Amino acid sequence: MKLAVFRACLAFLVLTTTFPLPARAEESPVMRSLKTELDRSFAKLKKAGDAPLYYLGYRLYDTTTYYISAEYGALTGEVEPVRRRTLNVDVRVGSHQMDNTHRSGNPGMFNVLDALSGQTQVYVPLEDNDLALRHALWLQTDRTFKRAQQQYSRVMASRDVNVTEEDKSNDFSREEPSRYFEPARSVSLNLDQWTRTTKNLSAIFRKYKDIYASSVVFTAKVTRRYLVNSEGTSIEDSRTDFRIYAMAQARAEDGMNLWLYDDIDATSLEELPDRDGLAELVKRMADNLDRLRTASVAQPYVGPAILRSRAAGVFFHEVFGHRMEGHRQKDEKEGRTFTKSVGQQVMSPFISVYDDPTQELMGDLHLNGTYKYDDEGVPAQRVTLVDKGVLKSFLMSRSPVEGFPKSNGHGRCAPSRDPVARMGNLIVESEKTVPYDQLRAMLIEEVKRQGKEYGLVFDDIAGGFTLTTTSAPQVYSLQPLVVTRVFADGRPDELVRGVKIVGTPLTALEKIICTSDKTDTFNGVCGAESGMVPVSASSPSLLVGTLEVELKDKRQDKPPLLPPPLFDGDGSDDEHTTEPEADEKGSK
C-alpha cells in the first residue's frame, strides 16, 4: 500500500541545507537521559503495583521532514523542515507467560480504549536537556504503568470467564540484549533546485487537457532512532528516506473517475533518477491516463492472467505476506489461513518465498525494507517462509506463537505505535522460468485451453488491502493501474479500465503456472495496525491460471463542462504552452 504522509515548509532562502543531527563517536546525551530515567523507573516501579513490572522499554524517534508539492508548474506546498521527537513507552507487568498485553478472546470496550490510548503521539523536547527529557519520560512512564496495571486486571478477569485459548504461547519472548551505535546521518538538500524540479515536473501535465487534477510531490525524511530497555538493549541508529511521486485524475465520458499514481522511493539522493528520468516517469503516467480515459470498460472476469513483476510483488505482499505475520497466527479473531499449514504444500512447488531485511540490493536497486535491528531491538534475520511450495515459518516479533517461541527480527512499527510482526523485504523466487515473450505465449495457450476469449495482463498495481479477521470475508482487493486484454484469436491487445482484482489467497496461490526469468521490485510503505513502515516486494512476472476481477464503483458525474483555461481558445498562449524551464544542474 502506497501512501505519503510527510508535512513540511520553506521559509528561508538557502540553496543548500543540512539536517541538524550531529554525528557522535560516543553515546549521545539523549541516550544517557533515556538510560538514566529507565534505570530509575524500573528500580522503583518493580513493586509499586499489584502486578510486578518485569519489562520497561523506551523508543524515541527524532524525525526531520521536508515536503515540496506543485501543480501545473506552481508551488502548492511550502518547504520548511519540521522536526519532532516522538516517544513510546513499553510497560509490561505480570510475567513473560501472561502480561497486560494479552489479547482476550472476546475484546470489549476496555480493550478498544486501551488500543486507542496506546496510539497517542507523545512529543518530547527537541533540545538535549537532560532534566526536560527525563521529566517527559517520567510523566509518560507513570501514565503507561498505571494503564498497564488496569489492563492486567482485565486480562486476569477475562481468563476466568473465557474458554481456554487454542494457542497457549507466552505473551513475550526472552531475547538477548542488543547494543549498537551508528553515527547520525547528515543529508544535504538543494531546496531551491528541488523546488524547481518539482514545479517543472508538475508543469508536464499542462499538455493534457483531459487530466483535470494532478500533482507532483517530493519528500525527504531523516530519522534518528533510540531504543533502550530494562534487559540491556541500547540501539542508536539513523535512516534517510526520499520519495518523489506523481498523481493524476481524469474522467471518462461515462462518468468513471480514473486516476494513476507512480512513485520512486530511495534511501539516498543518488538512487533517484536524474531530471530526464523523472520527466519520463511523469510523461509515461500522463500518457497512460490519457489512454485510459477512452479505453473500453472491462467486464467481470475469471480466467488466466499475467501479473507483471512489480504487480506480482504487490500481489504477494497483500495476498500472502500479511498472512505470514506471526501475531495473526495467535489471535483467535484472525482467520489464521496458514496457521496449521507448516510443512504442507501451500503454492506451486517451484515457488520459494523469503523475507530478508538484511538484503540491501536487488540487482542495482536499493530495497526499501532494509534494516539492521527491528523496533524491539532484535537483529534482523532472513526468514524462509516457503521452500519449493512448502510452508516453513512465519514472520515473528517478540510475541511467540505455537512452535515459534522466539523473534526473528520482524517486530516493526511507526513512531507512537506498538511493534507487531511485519514484512521487510519480501522476495519471491522461481525454479520454473521463461522469457517474458514466452510467458505471454503461454497465457494465450491457457486462454484457449480454458475456452476463454481473452486473458488479462496487469502491468502495475497501486496497492490494495487484505482482510484477515473472522469478522469479515477473508479476501483481498487490489487496485490495478494498467490492465490489457490479450485475445486468443490474435487481435491487437486492448487497454481496459474499471476493474479491481479480488479473491481468496488459497485459490490464487495454488494457480501459479509459470514465471518470467526477470525480477522487478516494488518499493514503498505499508500500513497495518503498527502504522506505516518501509517495505519492498520483489518477484518475477507470474502466469496465473485463474484470477478474478470485478468492476469498481463508477460515479455518474460527467467530465468538466468547460475545458481547462489553457485550452479554452486557440491554444496559442506562449506563456502557458512552452516547455517548463529546465534545471541547469539537474535534479540532484
# chains A, B, ... in the order shown; residues from 1 in each chain; ligands from 1

$ closest_atom_pairs --of "segment 45-79 of chain A" --to "segment 88-105 of chain A" --cutoff "8 Å" --atoms "only C-alpha atoms" --output "JSON lines"
{"residue": "A:Ala51", "atom": "CA", "partner": "A:Gly94", "partner_atom": "CA", "distance": 5.3}
{"residue": "A:Pro52", "atom": "CA", "partner": "A:Val93", "partner_atom": "CA", "distance": 5.3}
{"residue": "A:Leu53", "atom": "CA", "partner": "A:Val93", "partner_atom": "CA", "distance": 4.3}
{"residue": "A:Tyr54", "atom": "CA", "partner": "A:Val93", "partner_atom": "CA", "distance": 5.7}
{"residue": "A:Tyr55", "atom": "CA", "partner": "A:Arg92", "partner_atom": "CA", "distance": 5.1}
{"residue": "A:Leu56", "atom": "CA", "partner": "A:Val91", "partner_atom": "CA", "distance": 4.9}
{"residue": "A:Gly57", "atom": "CA", "partner": "A:Asp90", "partner_atom": "CA", "distance": 4.9}
{"residue": "A:Tyr58", "atom": "CA", "partner": "A:Val89", "partner_atom": "CA", "distance": 4.9}
{"residue": "A:Arg59", "atom": "CA", "partner": "A:Asn88", "partner_atom": "CA", "distance": 5.1}
{"residue": "A:Leu60", "atom": "CA", "partner": "A:Asn88", "partner_atom": "CA", "distance": 6.4}

$ write_last_selection --atoms "all heavy atoms" --output "short mmCIF file (atom, residue, chain, number, x, y, z; two decimals), in the first residue's frame"
data_model
loop_
_atom_site.label_atom_id
_atom_site.label_comp_id
_atom_site.auth_asym_id
_atom_site.auth_seq_id
_atom_site.Cartn_x
_atom_site.Cartn_y
_atom_site.Cartn_z
N ALA A 51 0.52 -5.90 40.10
CA ALA A 51 1.22 -6.81 39.18
C ALA A 51 2.66 -6.34 39.04
O ALA A 51 2.91 -5.14 38.84
CB ALA A 51 0.53 -6.81 37.82
N PRO A 52 3.63 -7.23 39.14
CA PRO A 52 5.03 -6.82 39.10
C PRO A 52 5.45 -6.34 37.71
O PRO A 52 5.08 -6.93 36.69
CB PRO A 52 5.78 -8.10 39.49
CG PRO A 52 4.87 -9.21 39.12
CD PRO A 52 3.48 -8.69 39.34
N LEU A 53 6.22 -5.28 37.69
CA LEU A 53 6.81 -4.79 36.45
C LEU A 53 8.01 -5.68 36.10
O LEU A 53 8.93 -5.83 36.89
CB LEU A 53 7.28 -3.35 36.63
CG LEU A 53 8.09 -2.73 35.48
CD1 LEU A 53 7.23 -2.56 34.23
CD2 LEU A 53 8.69 -1.39 35.90
N TYR A 54 7.97 -6.31 34.91
CA TYR A 54 9.09 -7.17 34.53
C TYR A 54 9.83 -6.67 33.29
O TYR A 54 10.91 -7.19 32.96
CB TYR A 54 8.64 -8.61 34.32
CG TYR A 54 7.92 -8.90 33.01
CD1 TYR A 54 8.64 -9.31 31.89
CD2 TYR A 54 6.54 -8.78 32.91
CE1 TYR A 54 8.00 -9.60 30.70
CE2 TYR A 54 5.89 -9.06 31.72
CZ TYR A 54 6.63 -9.47 30.61
OH TYR A 54 5.98 -9.74 29.43
N TYR A 55 9.27 -5.66 32.60
CA TYR A 55 9.94 -5.14 31.41
C TYR A 55 9.56 -3.68 31.22
O TYR A 55 8.39 -3.30 31.35
CB TYR A 55 9.53 -5.93 30.16
CG TYR A 55 10.11 -5.40 28.86
CD1 TYR A 55 11.35 -5.81 28.41
CD2 TYR A 55 9.39 -4.46 28.10
CE1 TYR A 55 11.88 -5.32 27.23
CE2 TYR A 55 9.92 -3.96 26.92
CZ TYR A 55 11.17 -4.39 26.48
OH TYR A 55 11.69 -3.90 25.33
N LEU A 56 10.57 -2.86 30.89
CA LEU A 56 10.34 -1.45 30.58
C LEU A 56 11.22 -1.09 29.40
O LEU A 56 12.42 -1.40 29.38
CB LEU A 56 10.69 -0.56 31.78
CG LEU A 56 10.57 0.95 31.58
CD1 LEU A 56 9.14 1.35 31.23
CD2 LEU A 56 11.04 1.70 32.83
N GLY A 57 10.64 -0.46 28.41
CA GLY A 57 11.40 -0.06 27.22
C GLY A 57 11.00 1.31 26.74
O GLY A 57 9.83 1.72 26.85
N TYR A 58 11.98 2.06 26.23
CA TYR A 58 11.73 3.37 25.63
C TYR A 58 12.12 3.32 24.15
O TYR A 58 13.20 2.81 23.80
CB TYR A 58 12.56 4.46 26.32
CG TYR A 58 12.18 4.77 27.75
CD1 TYR A 58 13.13 5.28 28.63
CD2 TYR A 58 10.89 4.56 28.22
CE1 TYR A 58 12.80 5.58 29.94
CE2 TYR A 58 10.55 4.84 29.53
CZ TYR A 58 11.50 5.35 30.39
OH TYR A 58 11.17 5.63 31.70
N ARG A 59 11.26 3.86 23.32
CA ARG A 59 11.58 4.08 21.91
C ARG A 59 11.39 5.56 21.61
O ARG A 59 10.30 6.10 21.83
CB ARG A 59 10.67 3.24 21.00
CG ARG A 59 10.85 1.75 21.13
CD ARG A 59 10.10 0.99 20.03
NE ARG A 59 8.67 1.25 20.06
CZ ARG A 59 7.81 0.58 20.83
NH1 ARG A 59 8.24 -0.37 21.64
NH2 ARG A 59 6.53 0.87 20.79
N LEU A 60 12.43 6.19 21.13
CA LEU A 60 12.36 7.62 20.81
C LEU A 60 12.80 7.81 19.36
O LEU A 60 13.87 7.33 18.96
CB LEU A 60 13.28 8.42 21.75
CG LEU A 60 13.25 9.94 21.57
CD1 LEU A 60 11.89 10.51 21.93
CD2 LEU A 60 14.34 10.58 22.43
#

$ select_by_dssp --residues "segment 86-203 of chain A" --states "alpha helix (DSSP H)" --output "JSON, numbers by chain"
{"A": [109, 110, 111, 112, 113, 114, 115, 116, 117, 130, 131, 132, 133, 134, 135, 136, 137, 138, 139, 140, 141, 142, 143, 144, 145, 146, 147, 148, 149, 150, 151, 152, 153, 154, 155, 156, 157, 158, 159, 160, 161, 191, 192, 193, 194, 195, 196, 197, 198, 199, 200, 201, 202, 203]}

$ residues_around --residues "segment 386-390 of chain A" --least-positions-apart "4" --cutoff "9 Å" --atoms "only C-alpha atoms" --output "PyMOL selection string"
chain A and resi 341-354+430-431

$ select_by_dssp --residues "segment 317-538 of chain A" --states "strand (DSSP E or B)" --output "PyMOL selection string"
chain A and resi 325+334+345+351-355+361-362+365-366+373+379+383-387+390-391+395+401+404+411-412+420-421+425-430+433-434+454-466+469+476-487+494-497+499-503+512-528+531-538

$ residues_around --residues "Glu548 of chain A" --least-positions-apart "5" --cutoff "7 Å" --atoms "only C-alpha atoms" --output "PyMOL selection string"
chain A and resi 301-303+501-503

$ write_last_selection --atoms "all heavy atoms" --output "compact mmCIF listing (two decimals), in the first residue's frame"
# COMPACT_ATOMS: atom_id res chain seq x y z
N TYR A 301 -14.50 -10.91 -14.69
CA TYR A 301 -13.73 -11.92 -15.41
C TYR A 301 -13.12 -12.91 -14.42
O TYR A 301 -12.68 -12.53 -13.34
CB TYR A 301 -12.63 -11.22 -16.21
CG TYR A 301 -11.59 -12.11 -16.84
CD1 TYR A 301 -11.79 -12.69 -18.09
CD2 TYR A 301 -10.38 -12.37 -16.19
CE1 TYR A 301 -10.83 -13.50 -18.67
CE2 TYR A 301 -9.40 -13.18 -16.76
CZ TYR A 301 -9.64 -13.74 -18.00
OH TYR A 301 -8.68 -14.53 -18.57
N VAL A 302 -13.10 -14.16 -14.81
CA VAL A 302 -12.36 -15.20 -14.09
C VAL A 302 -11.61 -16.00 -15.15
O VAL A 302 -12.22 -16.57 -16.05
CB VAL A 302 -13.26 -16.12 -13.28
CG1 VAL A 302 -12.43 -17.22 -12.61
CG2 VAL A 302 -14.04 -15.35 -12.24
N GLY A 303 -10.28 -16.01 -15.05
CA GLY A 303 -9.52 -16.74 -16.05
C GLY A 303 -8.05 -16.47 -15.94
O GLY A 303 -7.56 -15.88 -14.96
N ILE A 501 -8.78 -6.39 -8.72
CA ILE A 501 -8.53 -7.82 -8.53
C ILE A 501 -9.04 -8.23 -7.16
O ILE A 501 -8.74 -7.58 -6.15
CB ILE A 501 -7.03 -8.13 -8.64
CG1 ILE A 501 -6.46 -7.60 -9.95
CG2 ILE A 501 -6.78 -9.63 -8.53
CD1 ILE A 501 -4.94 -7.70 -10.04
N VAL A 502 -9.81 -9.31 -7.10
CA VAL A 502 -10.36 -9.79 -5.84
C VAL A 502 -10.18 -11.29 -5.76
O VAL A 502 -9.94 -11.97 -6.76
CB VAL A 502 -11.85 -9.43 -5.70
CG1 VAL A 502 -12.07 -7.93 -5.64
CG2 VAL A 502 -12.66 -10.04 -6.85
N GLY A 503 -10.30 -11.81 -4.55
CA GLY A 503 -10.24 -13.25 -4.41
C GLY A 503 -9.84 -13.67 -3.02
O GLY A 503 -9.74 -12.86 -2.09

$ closest_residue --among "A:Leu292, A:Val122, A:Leu495, A:Ala246" --to "Thr198 of chain A" --atoms "only C-alpha atoms"
A:Ala246

$ decode --residues "segment 151-224 of chain A" --atoms "C-alpha atoms" --output "PDB file, in the first residue's frame"
ATOM      1  CA  GLN A 151      -5.047  -3.830  31.611  1.00  0.00           C
ATOM      2  CA  TYR A 152      -3.566  -6.714  33.589  1.00  0.00           C
ATOM      3  CA  SER A 153      -6.530  -6.791  35.955  1.00  0.00           C
ATOM      4  CA  ARG A 154      -8.893  -7.143  32.991  1.00  0.00           C
ATOM      5  CA  VAL A 155      -6.684  -9.849  31.449  1.00  0.00           C
ATOM      6  CA  MET A 156      -6.880 -11.924  34.644  1.00  0.00           C
ATOM      7  CA  ALA A 157     -10.635 -11.397  34.926  1.00  0.00           C
ATOM      8  CA  SER A 158     -11.155 -12.468  31.300  1.00  0.00           C
ATOM      9  CA  ARG A 159      -9.153 -15.635  31.864  1.00  0.00           C
ATOM     10  CA  ASP A 160     -11.693 -16.804  34.448  1.00  0.00           C
ATOM     11  CA  VAL A 161     -14.751 -16.361  32.208  1.00  0.00           C
ATOM     12  CA  ASN A 162     -13.480 -17.155  28.704  1.00  0.00           C
ATOM     13  CA  VAL A 163     -12.884 -20.556  27.136  1.00  0.00           C
ATOM     14  CA  THR A 164      -9.352 -21.966  27.058  1.00  0.00           C
ATOM     15  CA  GLU A 165      -7.281 -20.446  24.283  1.00  0.00           C
ATOM     16  CA  GLU A 166      -6.043 -22.669  21.500  1.00  0.00           C
ATOM     17  CA  ASP A 167      -2.541 -21.180  21.454  1.00  0.00           C
ATOM     18  CA  LYS A 168      -1.052 -21.134  24.956  1.00  0.00           C
ATOM     19  CA  SER A 169       2.238 -19.480  23.944  1.00  0.00           C
ATOM     20  CA  ASN A 170       3.833 -16.857  26.163  1.00  0.00           C
ATOM     21  CA  ASP A 171       2.963 -13.223  25.657  1.00  0.00           C
ATOM     22  CA  PHE A 172       6.599 -12.065  25.372  1.00  0.00           C
ATOM     23  CA  SER A 173       9.748 -13.848  24.301  1.00  0.00           C
ATOM     24  CA  ARG A 174      13.096 -13.762  26.053  1.00  0.00           C
ATOM     25  CA  GLU A 175      15.792 -12.313  23.799  1.00  0.00           C
ATOM     26  CA  GLU A 176      19.460 -11.492  24.146  1.00  0.00           C
ATOM     27  CA  PRO A 177      20.082  -7.737  24.553  1.00  0.00           C
ATOM     28  CA  SER A 178      21.474  -5.867  21.544  1.00  0.00           C
ATOM     29  CA  ARG A 179      23.933  -2.991  21.605  1.00  0.00           C
ATOM     30  CA  TYR A 180      24.552  -0.951  18.504  1.00  0.00           C
ATOM     31  CA  PHE A 181      25.658   2.594  17.758  1.00  0.00           C
ATOM     32  CA  GLU A 182      25.627   4.276  14.364  1.00  0.00           C
ATOM     33  CA  PRO A 183      26.764   7.872  13.774  1.00  0.00           C
ATOM     34  CA  ALA A 184      23.939  10.239  12.880  1.00  0.00           C
ATOM     35  CA  ARG A 185      23.494  10.799   9.154  1.00  0.00           C
ATOM     36  CA  SER A 186      23.838  14.224   7.591  1.00  0.00           C
ATOM     37  CA  VAL A 187      21.975  14.809   4.318  1.00  0.00           C
ATOM     38  CA  SER A 188      22.363  17.933   2.196  1.00  0.00           C
ATOM     39  CA  LEU A 189      19.423  19.133   0.115  1.00  0.00           C
ATOM     40  CA  ASN A 190      19.466  21.845  -2.513  1.00  0.00           C
ATOM     41  CA  LEU A 191      15.954  23.035  -1.682  1.00  0.00           C
ATOM     42  CA  ASP A 192      15.826  25.701  -4.353  1.00  0.00           C
ATOM     43  CA  GLN A 193      16.776  23.183  -7.011  1.00  0.00           C
ATOM     44  CA  TRP A 194      14.319  20.535  -5.810  1.00  0.00           C
ATOM     45  CA  THR A 195      11.582  23.156  -5.754  1.00  0.00           C
ATOM     46  CA  ARG A 196      12.316  23.985  -9.408  1.00  0.00           C
ATOM     47  CA  THR A 197      12.436  20.309 -10.306  1.00  0.00           C
ATOM     48  CA  THR A 198       9.093  19.576  -8.639  1.00  0.00           C
ATOM     49  CA  LYS A 199       7.452  22.578 -10.309  1.00  0.00           C
ATOM     50  CA  ASN A 200       8.854  21.639 -13.730  1.00  0.00           C
ATOM     51  CA  LEU A 201       7.661  18.050 -13.406  1.00  0.00           C
ATOM     52  CA  SER A 202       4.179  19.208 -12.436  1.00  0.00           C
ATOM     53  CA  ALA A 203       4.083  21.501 -15.487  1.00  0.00           C
ATOM     54  CA  ILE A 204       4.226  18.468 -17.779  1.00  0.00           C
ATOM     55  CA  PHE A 205       0.509  17.943 -17.098  1.00  0.00           C
ATOM     56  CA  ARG A 206      -0.266  21.235 -18.884  1.00  0.00           C
ATOM     57  CA  LYS A 207      -0.151  19.332 -22.158  1.00  0.00           C
ATOM     58  CA  TYR A 208      -3.062  17.064 -21.217  1.00  0.00           C
ATOM     59  CA  LYS A 209      -6.382  18.857 -21.488  1.00  0.00           C
ATOM     60  CA  ASP A 210      -8.436  15.911 -20.219  1.00  0.00           C
ATOM     61  CA  ILE A 211      -6.448  15.439 -16.998  1.00  0.00           C
ATOM     62  CA  TYR A 212      -8.324  17.710 -14.623  1.00  0.00           C
ATOM     63  CA  ALA A 213      -6.263  17.211 -11.449  1.00  0.00           C
ATOM     64  CA  SER A 214      -2.605  16.388 -10.919  1.00  0.00           C
ATOM     65  CA  SER A 215       0.272  16.954  -8.557  1.00  0.00           C
ATOM     66  CA  VAL A 216       3.934  16.115  -8.047  1.00  0.00           C
ATOM     67  CA  VAL A 217       5.410  15.811  -4.544  1.00  0.00           C
ATOM     68  CA  PHE A 218       8.960  15.491  -3.270  1.00  0.00           C
ATOM     69  CA  THR A 219       9.581  14.463   0.329  1.00  0.00           C
ATOM     70  CA  ALA A 220      12.681  13.830   2.394  1.00  0.00           C
ATOM     71  CA  LYS A 221      12.979  12.499   5.918  1.00  0.00           C
ATOM     72  CA  VAL A 222      15.764  11.555   8.267  1.00  0.00           C
ATOM     73  CA  THR A 223      15.038   9.568  11.427  1.00  0.00           C
ATOM     74  CA  ARG A 224      17.321   9.140  14.414  1.00  0.00           C
TER      75      ARG A 224
END
